[in-house]
Amino acid sequence: MALDTAPKGWRSFARYSMLTIVALFILFPVYTTVIAALKPGNKVLDNPLLPNAFTLDVLKNAWTEGRLGRYLMNTTIVAVIVTSVQLVTSIASAYAFSFLKFPLKRLVFGIFLSTMLVPLEVTLVVNRRTIDSLGWLNSFQGLTVPFIATAFGTFLLRQVFMQIPPDLREAAQMDGLGHWGFMKEVAIPLVRPTLGALGLFSFLSSWNQYLWPSLITTEDDMNTVQTGLRHLASSDLDKPNLIMAGTIIAAVPILIVLVVFQKQLVRGLTAGAVKG
Amino acid sequence: MAIKSRRLREIPLAFAMLGPSLLVLITFVLYPLGKAVWLGQQTCDVQGKNCKSVGWGQYTNVVKSDQFQHALWVTVKFAMITVPIGLALGVGLAVLADKQLRGMRFFRTIFSSTIATSVAVASLMWLFLLQPSVGVLANLGWLHNIFPVIKEPGLLNDSGTALWSVGISSIWANLGFTFILVTAGLQGVPKEMHESAYVDGAGGWMRFTNVTLPLISPTLLFTTVVLTSRAFQAYGEMDLLTNGGPIPQDSTTTVTYLIYGSSSIIKNNDGLQAAVAVLLFVILLALSALQFRGFGKRVHYGS
Amino acid sequence: MKTPNKSRLLLAGLTASALLFASCGGGGSSSIIDPGTTKAPASGDSGAPTEPPTTVATPLASLPACDTTALDSATGTVNITFWHGMNGDLEKALTALTDEYNASQTKVKVSLENQGGYEQTLDKYLQSSQDSRPDMVQAPEYAVQVMGDTNSNVPVGACVESAAYDTSDFLPKALNQYFTEGVQWSMPFNVSDPVLYYNKKVFEAAGLDPNKPPTNMAELRTMSQAIVDSGAAAFGLSLDTGADSGGGWFLEQWFAKLGELYSDNDNGRLAPSTKVNFDGQTGIDLLTELQALVNDGLAYNVGDNASGQDALLKLADPKSAAAMTIATSAALGTVLTTVQGGLIPGITTDDIGVGPMPAPGDAVAPGAIVGGASLWIVNHDDPAKAAAVWDFISFLITAESQSTWAAATGYVPVRSSALEVGPIAEKYKTDPRFKVAYDQLSQVADTPASLGAILGPQREIRTLSARAIATVLQGGDVAAALTDAATQANALLSAYIAANQ
């Protein structure tokens with residue numbers, strides 16, 4: 001039994017009180033949002049901290065008027081495509097860097113690494129023109145293709161692959177196990193936990209993209225939840241409850257995903273801290 | 001001999017496995033980077049066409065300009081608000097919740113919940129809190145009697161409080177992320193280390209600074225780098241909460257907002273936009289290098 | 001060793017910024033816009049007087065043609081896309097009109113594509129290649145020069161000519177706003193101008209006549225004093241400094257009201273402007289007047305804000321309200337529905353008064369310049385598409401459509417015949433609040449000064465003047481603020497000319 005983990009009297013009481021106070025602070029914006037979203041328009045300014053009226057109409061309105069259902073579907077499609085293709089490309093390139101022998105390997109790896117340092121802001125304007133000239137504005141290609149390869153993921157998986165002793169690969173080769181077999185039997189099972197984490201991380205960042213989708217969509221049908229919210233906010237500030245309802249609808253799905261995949265998330269976010 | 005032939009034999013396979021990633025990374029990261037560097041010394045018409053080179057002096061002009069220096073200063077202030085406070089809060093929360101107590105899962109879920117809010121969601125929630133007429137705080141009489149700035153002119157509209165308000169909303173939005181990271185770091189600290197320090201008679205605070213902090217330093221470094229880079233690239237918060245204002249102080253016009261903001265005077269000037277963006281890249285590069293060098297040396301990677 | 005993270009970070013941040021600051025050696029102020037990076041502009045610049053510029057008329061024949069009969073020979077339905085920037089209630093009204101059009105015939109099908117606002121629409125249009133552009137675009141009134149310089153449009157004038165379309169009952173001002181170089185570039189659709197919104201209940205409580213709003217700033221000052229003294233409201237007037245309202249657009253309006261040119265070369269209508277005039281005495285007097293209102297506690301400055309609606313919301317403030325504000329007439333519909341929705345307890349729609357935009361000082365100047373936006377035909381070298389767009393445009397500007405549109409939104413009908421038909425005929429009679437904006441546009445003869453300026457970087461210049469006005473309303477020096485803004489504006493103008501001509 002650890003010496004200082006036994007909860008004793010006022011110490012644990014103090015800790016619980018602290019936890020509760022902090023939790024209340026963190027939940028305060030969420031609380032006011034939920035309260036507002038469940039109130040009819042004429043009650044919003046009237047005592048903003050108390051649920052003195054209740055209606056589900058506002059949520060319904062945000063769903064239909066704000067077309068958030070459609071936008072949620074778009075966002076889900078984009079996030080799923082980006083995540084799954086990112087996983088495939090990351091495995092492939094990490095495998096190549098770890099187990100294949102080819103000329104200029106260091107140089108190519110250097111190219112990969114260097115892309116990790118370039119912030120999105122620098123590339124946006126030119127990328128928009130590239131997507132335009134490819135005819136990919138307002139398309140899922142435009143929303144996904146620039147993000148389907150990731151140096152971060154490659155780097156991360158390579159770190160794990162490097163833990164496999166070279167002799168193991170040699171031995172497998174002696175046994176007649178080709179690259180494909182080795183990848184399937186040895187390499188992928190080894191990185192499975194990392195893959196879950198990486199996947200969740202990609203999903204989150206893809207879901208929360210804001211600047212890029214707003215630049216390359218001109219059709220309402222192609223809005224994502226984030227750009228749709230921006231639209232809702234610019235049109236209806238006189239209806240704060242409607243906007244708040246919109247933010248709830250946008251946040252709830254990702255909240256559910258997070259609660260379900262909490263374990264992977266922790267691993268995903270700490271993955272970057274792996275010593276290198 | 002065998003190795004050499006293998007090097008050549010595996011070229012097609014390597015190409016097939018790396019090709020797609022390389023193609024995407026070169027097309028959407030390296031090519032635009034190069035293009036932006038070149039564009040930074042050009043001037044174009046309103047459609048971004050007919051670009052003419054005006055010389056690399058354009059970069060110097062941008063660096064010298066009031067607008068850029070001001071935006072950079074705002075960005076640095078924003079980072080100095082959000083990174084240390086965000087990190088300290090994240091560590092504090094994680095330590096507080098790092099106990100095997102009943103109901104701790106519940107608290108952990110709450111503390112990590114803000115990670116579910118995107119920039120747009122978090123900013124809109126805070127807009128509804130802070131807006132001076134219909135906002136929540138402005139409609140709590142007792143509160144704005146104590147702090148009149150909440151109503152007049154409003155926390156987002158006062159040049160003294162705007163950056164702090166945006167900063168707090170940003171800290172809040174990032175708190176879940178920081179909390180999860182530090183918690184994971186703490187769980188990696190072997191319990192025996194704690195216990196031996198306890199046996200040696202080290203007090204709580206001493207134990208924390210001498211044992212725990214050094215052990216989670218890799219996590220702290222990583223978190224700091226990510227939070228700093230996020231602070232330097234913050235855009236959505238300003239776009240939704242303040243429009244870079246209030247004017248004329250431009251209290252929340254960060255470098256990113258100077259490039260893309262709707263009230264920026266260079267937003268239809270591709271050359272100047274590119275120049276500012278490339279400078280932002282250089283600064284971020286220098287910052288990460290500094291952080292890794294300066295504080296990476298002290299990072300404790302375990303035994 | 002204590003919290004190395006924080007101090008290190010601070011150090012790193014400071015070092016990086018110090019490096020950059022060091023490289024610029026602390027010289028005097030300099031702007032990011034450098035008019036000297038490009039070749040000297042053709043005209044302007046102080047020094048020897050150049051020969052006076054003359055209007056260069058662009059012959060229609062040199063521009064993309066419009067054959068309005070091309071639609072008849074087209075097979076099947078012609079699909080056209082329309083980028084617009086209408087939000088909220090305005091978007092609903094536009095959608096209703098478009099649905100009506102789509103249902104009324106089978107030749108053309110219009111798809112509305114909301115870009116989120118004027119700014120976003122224009123920015124996306126400018127960034128896109130011609131192939132990615134829509135068939136029709138709504139561009140704000142400040143974008144005339146920029147849109148013209150893209151050389152990407154079929155001038156509406158060509159279609160008017162081809163269809164022998166009768167524009168005799170149009171508000172001349174609405175057409176003239178989009179007429180330069182002898183070409184009718186685009187068709188006015190949603191025309192607005194600033195009006196005064198006020199709370200009649202407050203006027204009554206202050207012992208003022210709720211049906212006599214102030215017509216100029218001198219009257220506004222007196223009334224505000226009465227309102228504040230009586231405690232009927234905390235402030236007389238709420239002001240903002242947004243670029244498309246109190247910070248820029250209103251300034252242009254006030255210059256036009258006084259018959260003063262906002263910029264040289266006849267407000268940019270003779271040749272591209274090379275300098276702005278708001279740093280002259282007219283501008284100084286105007287801003288001094290506004291500053292005094294704020295200093296004396298009669299007006300309240302809500303500042304610039306992301307929503308652009310704070311000045312109006314200040315009237316709804318439950319605790320320290322203002323009695324009046326100046327805002328676009330296009331907000332009238334939204335204001336009334338909001339009040340009807342019950343957001344502000346104790347105020348009904350009848351309590352909202354609308355008056356003309358107050359003129360500077362004690363001037364009698366009822367006119368206004370055209371705000372809002374116009375419709376542009378995008379050239380895709382497809383006569384059928386251009387003809388289809390024209391067909392839709394001609395639907396949107398019929399007397400009936402304009403009447404419906406104006407009644408739903410508060411925009412001004414672009415033609416006088418619209419006043420005789422449909423809902424607006426009734427509305428103008430029963431609810432004179434809607435007619436205020438129309439009257440402002442039909443009263444003053446058109447001169448370059450009363451039509452307002454057409455500038456390339458007009459939106460950017462508005463953000464500069466907004467900054468000057470914000471400085472002044474916070475107590476800054478009027479002349480210095482205006483001089484600074486004008487210097488930067490002039491740099492923007494010459495940089496624009498150098499890059500685009």
# chains A, B, ... in the order shown; residues from 1 in each chain; ligands from 1
>>> closest_atom_pairs(of="chain B", to="chain C", cutoff="6 Å", atoms="only C-alpha atoms", output="tab-separated table")
residue	atom	partner	partner_atom	distance
B:Asp45	CA	C:Ala499	CA	5.0
B:Gln47	CA	C:Leu126	CA	4.9
B:Val62	CA	C:Ile32	CA	5.6
B:Lys64	CA	C:Cys24	CA	5.2
B:Ser65	CA	C:Ile32	CA	4.9
B:Asp66	CA	C:Ser30	CA	5.6
B:Pro84	CA	C:Lys6	CA	5.6
B:Ser133	CA	C:Asp317	CA	5.5
B:Leu241	CA	C:Ala306	CA	6.0
B:Thr242	CA	C:Ala306	CA	5.2
B:Asn243	CA	C:Ala306	CA	5.1
B:Ile247	CA	C:Arg467	CA	5.6
B:Pro248	CA	C:Arg467	CA	4.7
B:Ile265	CA	C:Glu460	CA	5.1
>>> write_last_selection(atoms="N, CA, C and O atoms", output="CSV table (one decimal), in the first residue's frame")
chain,number,residue,atom,x,y,z
B,45,ASP,N,-1.5,42.0,-58.5
B,45,ASP,CA,-2.7,42.8,-58.5
B,45,ASP,C,-3.8,42.2,-57.6
B,45,ASP,O,-3.5,41.2,-56.9
B,47,GLN,N,-6.1,40.3,-58.0
B,47,GLN,CA,-6.5,38.9,-58.2
B,47,GLN,C,-5.3,38.0,-57.9
B,47,GLN,O,-5.4,36.8,-58.1
B,62,VAL,N,8.8,44.8,-44.4
B,62,VAL,CA,7.8,44.2,-43.6
B,62,VAL,C,8.3,44.1,-42.1
B,62,VAL,O,7.6,44.5,-41.2
B,64,LYS,N,10.4,45.9,-40.7
B,64,LYS,CA,10.5,47.3,-40.2
B,64,LYS,C,9.2,47.9,-39.9
B,64,LYS,O,9.1,48.9,-39.2
B,65,SER,N,8.1,47.4,-40.5
B,65,SER,CA,6.9,48.1,-40.5
B,65,SER,C,6.2,48.1,-39.1
B,65,SER,O,6.4,47.2,-38.4
B,66,ASP,N,5.5,49.2,-38.8
B,66,ASP,CA,4.8,49.3,-37.6
B,66,ASP,C,3.8,48.1,-37.4
B,66,ASP,O,3.7,47.5,-36.3
B,84,PRO,N,2.3,30.0,-20.2
B,84,PRO,CA,2.7,29.7,-18.8
B,84,PRO,C,1.4,29.4,-17.9
B,84,PRO,O,1.4,28.4,-17.2
B,133,SER,N,-23.6,43.4,-24.4
B,133,SER,CA,-25.0,43.7,-24.3
B,133,SER,C,-25.9,42.5,-24.0
B,133,SER,O,-26.6,42.5,-23.1
B,241,LEU,N,-14.0,36.5,-32.0
B,241,LEU,CA,-14.2,37.3,-30.7
B,241,LEU,C,-14.0,38.8,-30.9
B,241,LEU,O,-14.7,39.6,-30.4
B,242,THR,N,-12.9,39.2,-31.6
B,242,THR,CA,-12.5,40.6,-31.6
B,242,THR,C,-12.3,41.2,-32.9
B,242,THR,O,-12.1,42.4,-33.0
B,243,ASN,N,-12.2,40.5,-34.0
B,243,ASN,CA,-11.8,41.0,-35.3
B,243,ASN,C,-10.4,41.7,-35.2
B,243,ASN,O,-10.2,42.7,-35.9
B,247,ILE,N,-10.0,48.6,-32.1
B,247,ILE,CA,-9.1,49.6,-32.8
B,247,ILE,C,-9.2,50.9,-31.9
B,247,ILE,O,-10.1,51.0,-31.1
B,248,PRO,N,-8.3,51.8,-32.0
B,248,PRO,CA,-7.1,51.8,-32.9
B,248,PRO,C,-5.9,51.0,-32.3
B,248,PRO,O,-4.9,50.9,-33.0
B,265,ILE,N,-5.2,45.4,-43.6
B,265,ILE,CA,-5.0,46.2,-44.9
B,265,ILE,C,-4.2,45.4,-45.9
B,265,ILE,O,-4.0,45.9,-47.0
>>> residues_around(residues="region 109-124 of chain A", least_positions_apart="2", cutoff="6 Å", atoms="only C-alpha atoms", output="mmCIF file with C-alpha atoms, in the first residue's frame")
data_model
loop_
_atom_site.group_PDB
_atom_site.id
_atom_site.type_symbol
_atom_site.label_atom_id
_atom_site.label_comp_id
_atom_site.auth_asym_id
_atom_site.auth_seq_id
_atom_site.Cartn_x
_atom_site.Cartn_y
_atom_site.Cartn_z
ATOM 1 C CA ARG A 106 18.512 9.836 -45.328
ATOM 2 C CA LEU A 107 17.704 12.638 -47.719
ATOM 3 C CA VAL A 126 -0.689 28.814 -52.540
ATOM 4 C CA ASN A 127 -2.553 25.622 -51.638
ATOM 5 C CA ALA A 151 5.364 13.313 -41.345
ATOM 6 C CA PRO B 32 3.893 26.158 -51.353
ATOM 7 C CA LEU B 33 6.641 26.992 -48.884
ATOM 8 C CA ALA B 277 3.708 34.276 -43.344
#
>>> residues_around(residues="region 251-264 of chain B", least_positions_apart="5", cutoff="9 Å", atoms="only C-alpha atoms", output="number ranges by chain")
A: 121; B: 67-76, 78, 158-163, 166, 232-236, 238-239, 242-246, 272-274, 276-277, 280; C: 119-120, 243, 459-460, 463
>>> interface_residues(of="chain C", to="chain A", cutoff="8 Å", atoms="only C-alpha atoms", output="VMD selection string")
chain C and resid 83 87 to 88 113 to 116 124 127 to 129 132 307 309 338 341 to 345
>>> write_last_selection(atoms="C-alpha atoms", output="PDB file, in the first residue's frame")
ATOM      1  CA  TRP C  83     -22.633  33.768 -54.876  1.00  0.00           C
ATOM      2  CA  ASN C  87     -27.368  36.309 -43.940  1.00  0.00           C
ATOM      3  CA  GLY C  88     -30.212  35.736 -41.523  1.00  0.00           C
ATOM      4  CA  GLU C 113     -24.446  29.888 -52.677  1.00  0.00           C
ATOM      5  CA  ASN C 114     -23.977  31.858 -49.507  1.00  0.00           C
ATOM      6  CA  GLN C 115     -20.376  32.929 -48.951  1.00  0.00           C
ATOM      7  CA  GLY C 116     -20.949  34.221 -45.419  1.00  0.00           C
ATOM      8  CA  LYS C 124     -13.276  34.318 -52.581  1.00  0.00           C
ATOM      9  CA  GLN C 127      -8.846  34.410 -55.120  1.00  0.00           C
ATOM     10  CA  SER C 128     -10.623  32.070 -57.484  1.00  0.00           C
ATOM     11  CA  SER C 129      -9.700  31.273 -61.045  1.00  0.00           C
ATOM     12  CA  SER C 132     -14.143  28.416 -60.347  1.00  0.00           C
ATOM     13  CA  SER C 307     -20.615  41.018 -34.887  1.00  0.00           C
ATOM     14  CA  GLN C 309     -24.398  44.705 -34.318  1.00  0.00           C
ATOM     15  CA  THR C 338     -35.980  40.741 -33.057  1.00  0.00           C
ATOM     16  CA  GLY C 341     -39.353  37.972 -30.688  1.00  0.00           C
ATOM     17  CA  GLY C 342     -39.333  39.588 -27.269  1.00  0.00           C
ATOM     18  CA  LEU C 343     -35.575  39.885 -26.752  1.00  0.00           C
ATOM     19  CA  ILE C 344     -36.086  43.271 -25.111  1.00  0.00           C
ATOM     20  CA  PRO C 345     -38.779  43.211 -22.463  1.00  0.00           C
TER      21      PRO C 345
END
>>> interface_residues(of="chain B", to="chain A", cutoff="6 Å", atoms="only C-alpha atoms", output="PyMOL selection string")
chain B and resi 7+11+14+17-18+21+28+32-33+116-118+121+136+181+219+222+277
>>> residues_around(residues="Lys39 (chain A)", least_positions_apart="5", cutoff="6 Å", atoms="only C-alpha atoms", output="PyMOL selection string")
chain A and resi 53-55
>>> write_last_selection(atoms="N, CA and C atoms", output="short mmCIF file (atom, residue, chain, number, x, y, z; two decimals), in the first residue's frame")
data_model
loop_
_atom_site.label_atom_id
_atom_site.label_comp_id
_atom_site.auth_asym_id
_atom_site.auth_seq_id
_atom_site.Cartn_x
_atom_site.Cartn_y
_atom_site.Cartn_z
N ALA A 53 -36.85 28.76 -17.97
CA ALA A 53 -37.78 28.40 -19.03
C ALA A 53 -37.15 27.26 -19.79
N PHE A 54 -37.96 26.48 -20.46
CA PHE A 54 -37.39 25.32 -21.15
C PHE A 54 -38.09 25.07 -22.48
N THR A 55 -37.29 24.89 -23.52
CA THR A 55 -37.84 24.51 -24.81
C THR A 55 -36.79 23.76 -25.61
#
>>> atom_distance(atom1="CA of Leu261 (chain C)", atom2="CA of Pro413 (chain C)")
26.3 Å
>>> select_by_dssp(residues="region 122-264 of chain B", states="alpha helix (DSSP H)", output="PyMOL selection string")
chain B and resi 122-130+141-146+162-187+191-199+204-207+213-215+217-232+236-241+255-260
>>> residues_around(residues="Asn190 (chain C)", least_positions_apart="2", cutoff="6 Å", atoms="only C-alpha atoms", output="ChimeraX atom specification")
/C:372-373,411
>>> residues_around(residues="region 349-354 of chain C", least_positions_apart="4", cutoff="7 Å", atoms="only C-alpha atoms", output="PyMOL selection string")
chain C and resi 195-201+336+339-340+433
>>> atom_distance(atom1="CA of Leu127 (chain B)", atom2="CA of Thr325 (chain C)")
22.6 Å
>>> decode(residues="region 193-212 of chain A", atoms="N, CA, C and O atoms", output="mmCIF file, in the first residue's frame")
data_model
loop_
_atom_site.group_PDB
_atom_site.id
_atom_site.type_symbol
_atom_site.label_atom_id
_atom_site.label_comp_id
_atom_site.auth_asym_id
_atom_site.auth_seq_id
_atom_site.Cartn_x
_atom_site.Cartn_y
_atom_site.Cartn_z
ATOM 1 N N PRO A 193 -1.347 -0.331 -30.839
ATOM 2 C CA PRO A 193 -1.758 0.688 -29.870
ATOM 3 C C PRO A 193 -1.427 2.102 -30.357
ATOM 4 O O PRO A 193 -2.236 3.032 -30.241
ATOM 5 N N THR A 194 -0.254 2.259 -30.943
ATOM 6 C CA THR A 194 0.140 3.569 -31.454
ATOM 7 C C THR A 194 -0.801 4.010 -32.575
ATOM 8 O O THR A 194 -1.127 5.186 -32.705
ATOM 9 N N LEU A 195 -1.223 3.048 -33.394
ATOM 10 C CA LEU A 195 -2.130 3.387 -34.486
ATOM 11 C C LEU A 195 -3.439 3.957 -33.950
ATOM 12 O O LEU A 195 -3.964 4.941 -34.482
ATOM 13 N N GLY A 196 -3.961 3.329 -32.903
ATOM 14 C CA GLY A 196 -5.210 3.814 -32.318
ATOM 15 C C GLY A 196 -5.058 5.251 -31.868
ATOM 16 O O GLY A 196 -5.903 6.109 -32.138
ATOM 17 N N ALA A 197 -3.932 5.510 -31.225
ATOM 18 C CA ALA A 197 -3.690 6.849 -30.720
ATOM 19 C C ALA A 197 -3.547 7.847 -31.859
ATOM 20 O O ALA A 197 -4.181 8.909 -31.878
ATOM 21 N N LEU A 198 -2.736 7.477 -32.840
ATOM 22 C CA LEU A 198 -2.514 8.356 -33.984
ATOM 23 C C LEU A 198 -3.828 8.640 -34.701
ATOM 24 O O LEU A 198 -4.120 9.775 -35.084
ATOM 25 N N GLY A 199 -4.626 7.592 -34.837
ATOM 26 C CA GLY A 199 -5.909 7.748 -35.531
ATOM 27 C C GLY A 199 -6.808 8.734 -34.833
ATOM 28 O O GLY A 199 -7.383 9.629 -35.463
ATOM 29 N N LEU A 200 -6.888 8.608 -33.535
ATOM 30 C CA LEU A 200 -7.766 9.499 -32.791
ATOM 31 C C LEU A 200 -7.265 10.950 -32.877
ATOM 32 O O LEU A 200 -8.033 11.899 -33.026
ATOM 33 N N PHE A 201 -5.957 11.074 -32.821
ATOM 34 C CA PHE A 201 -5.352 12.397 -32.909
ATOM 35 C C PHE A 201 -5.656 13.035 -34.264
ATOM 36 O O PHE A 201 -6.067 14.203 -34.350
ATOM 37 N N SER A 202 -5.518 12.257 -35.339
ATOM 38 C CA SER A 202 -5.825 12.788 -36.666
ATOM 39 C C SER A 202 -7.290 13.161 -36.758
ATOM 40 O O SER A 202 -7.655 14.188 -37.337
ATOM 41 N N PHE A 203 -8.120 12.300 -36.197
ATOM 42 C CA PHE A 203 -9.561 12.536 -36.272
ATOM 43 C C PHE A 203 -9.910 13.869 -35.615
ATOM 44 O O PHE A 203 -10.628 14.697 -36.182
ATOM 45 N N LEU A 204 -9.346 14.076 -34.430
ATOM 46 C CA LEU A 204 -9.612 15.321 -33.699
ATOM 47 C C LEU A 204 -9.163 16.545 -34.487
ATOM 48 O O LEU A 204 -9.917 17.509 -34.640
ATOM 49 N N SER A 205 -7.924 16.507 -34.981
ATOM 50 C CA SER A 205 -7.445 17.712 -35.660
ATOM 51 C C SER A 205 -8.205 17.947 -36.952
ATOM 52 O O SER A 205 -8.448 19.086 -37.343
ATOM 53 N N SER A 206 -8.589 16.862 -37.607
ATOM 54 C CA SER A 206 -9.351 17.029 -38.840
ATOM 55 C C SER A 206 -10.734 17.602 -38.543
ATOM 56 O O SER A 206 -11.220 18.500 -39.228
ATOM 57 N N TRP A 207 -11.361 17.104 -37.509
ATOM 58 C CA TRP A 207 -12.692 17.568 -37.126
ATOM 59 C C TRP A 207 -12.693 19.068 -36.817
ATOM 60 O O TRP A 207 -13.619 19.796 -37.141
ATOM 61 N N ASN A 208 -11.633 19.514 -36.185
ATOM 62 C CA ASN A 208 -11.592 20.893 -35.716
ATOM 63 C C ASN A 208 -10.993 21.881 -36.706
ATOM 64 O O ASN A 208 -10.819 23.044 -36.384
ATOM 65 N N GLN A 209 -10.690 21.440 -37.928
ATOM 66 C CA GLN A 209 -10.152 22.363 -38.933
ATOM 67 C C GLN A 209 -11.116 23.523 -39.162
ATOM 68 O O GLN A 209 -12.319 23.334 -39.290
ATOM 69 N N TYR A 210 -10.544 24.720 -39.263
ATOM 70 C CA TYR A 210 -11.395 25.893 -39.367
ATOM 71 C C TYR A 210 -11.041 26.735 -40.585
ATOM 72 O O TYR A 210 -11.878 27.039 -41.429
ATOM 73 N N LEU A 211 -9.756 27.109 -40.683
ATOM 74 C CA LEU A 211 -9.341 28.034 -41.720
ATOM 75 C C LEU A 211 -9.419 27.409 -43.113
ATOM 76 O O LEU A 211 -9.950 28.010 -44.049
ATOM 77 N N TRP A 212 -8.908 26.196 -43.248
ATOM 78 C CA TRP A 212 -8.839 25.568 -44.564
ATOM 79 C C TRP A 212 -10.221 25.342 -45.177
ATOM 80 O O TRP A 212 -10.469 25.766 -46.315
#
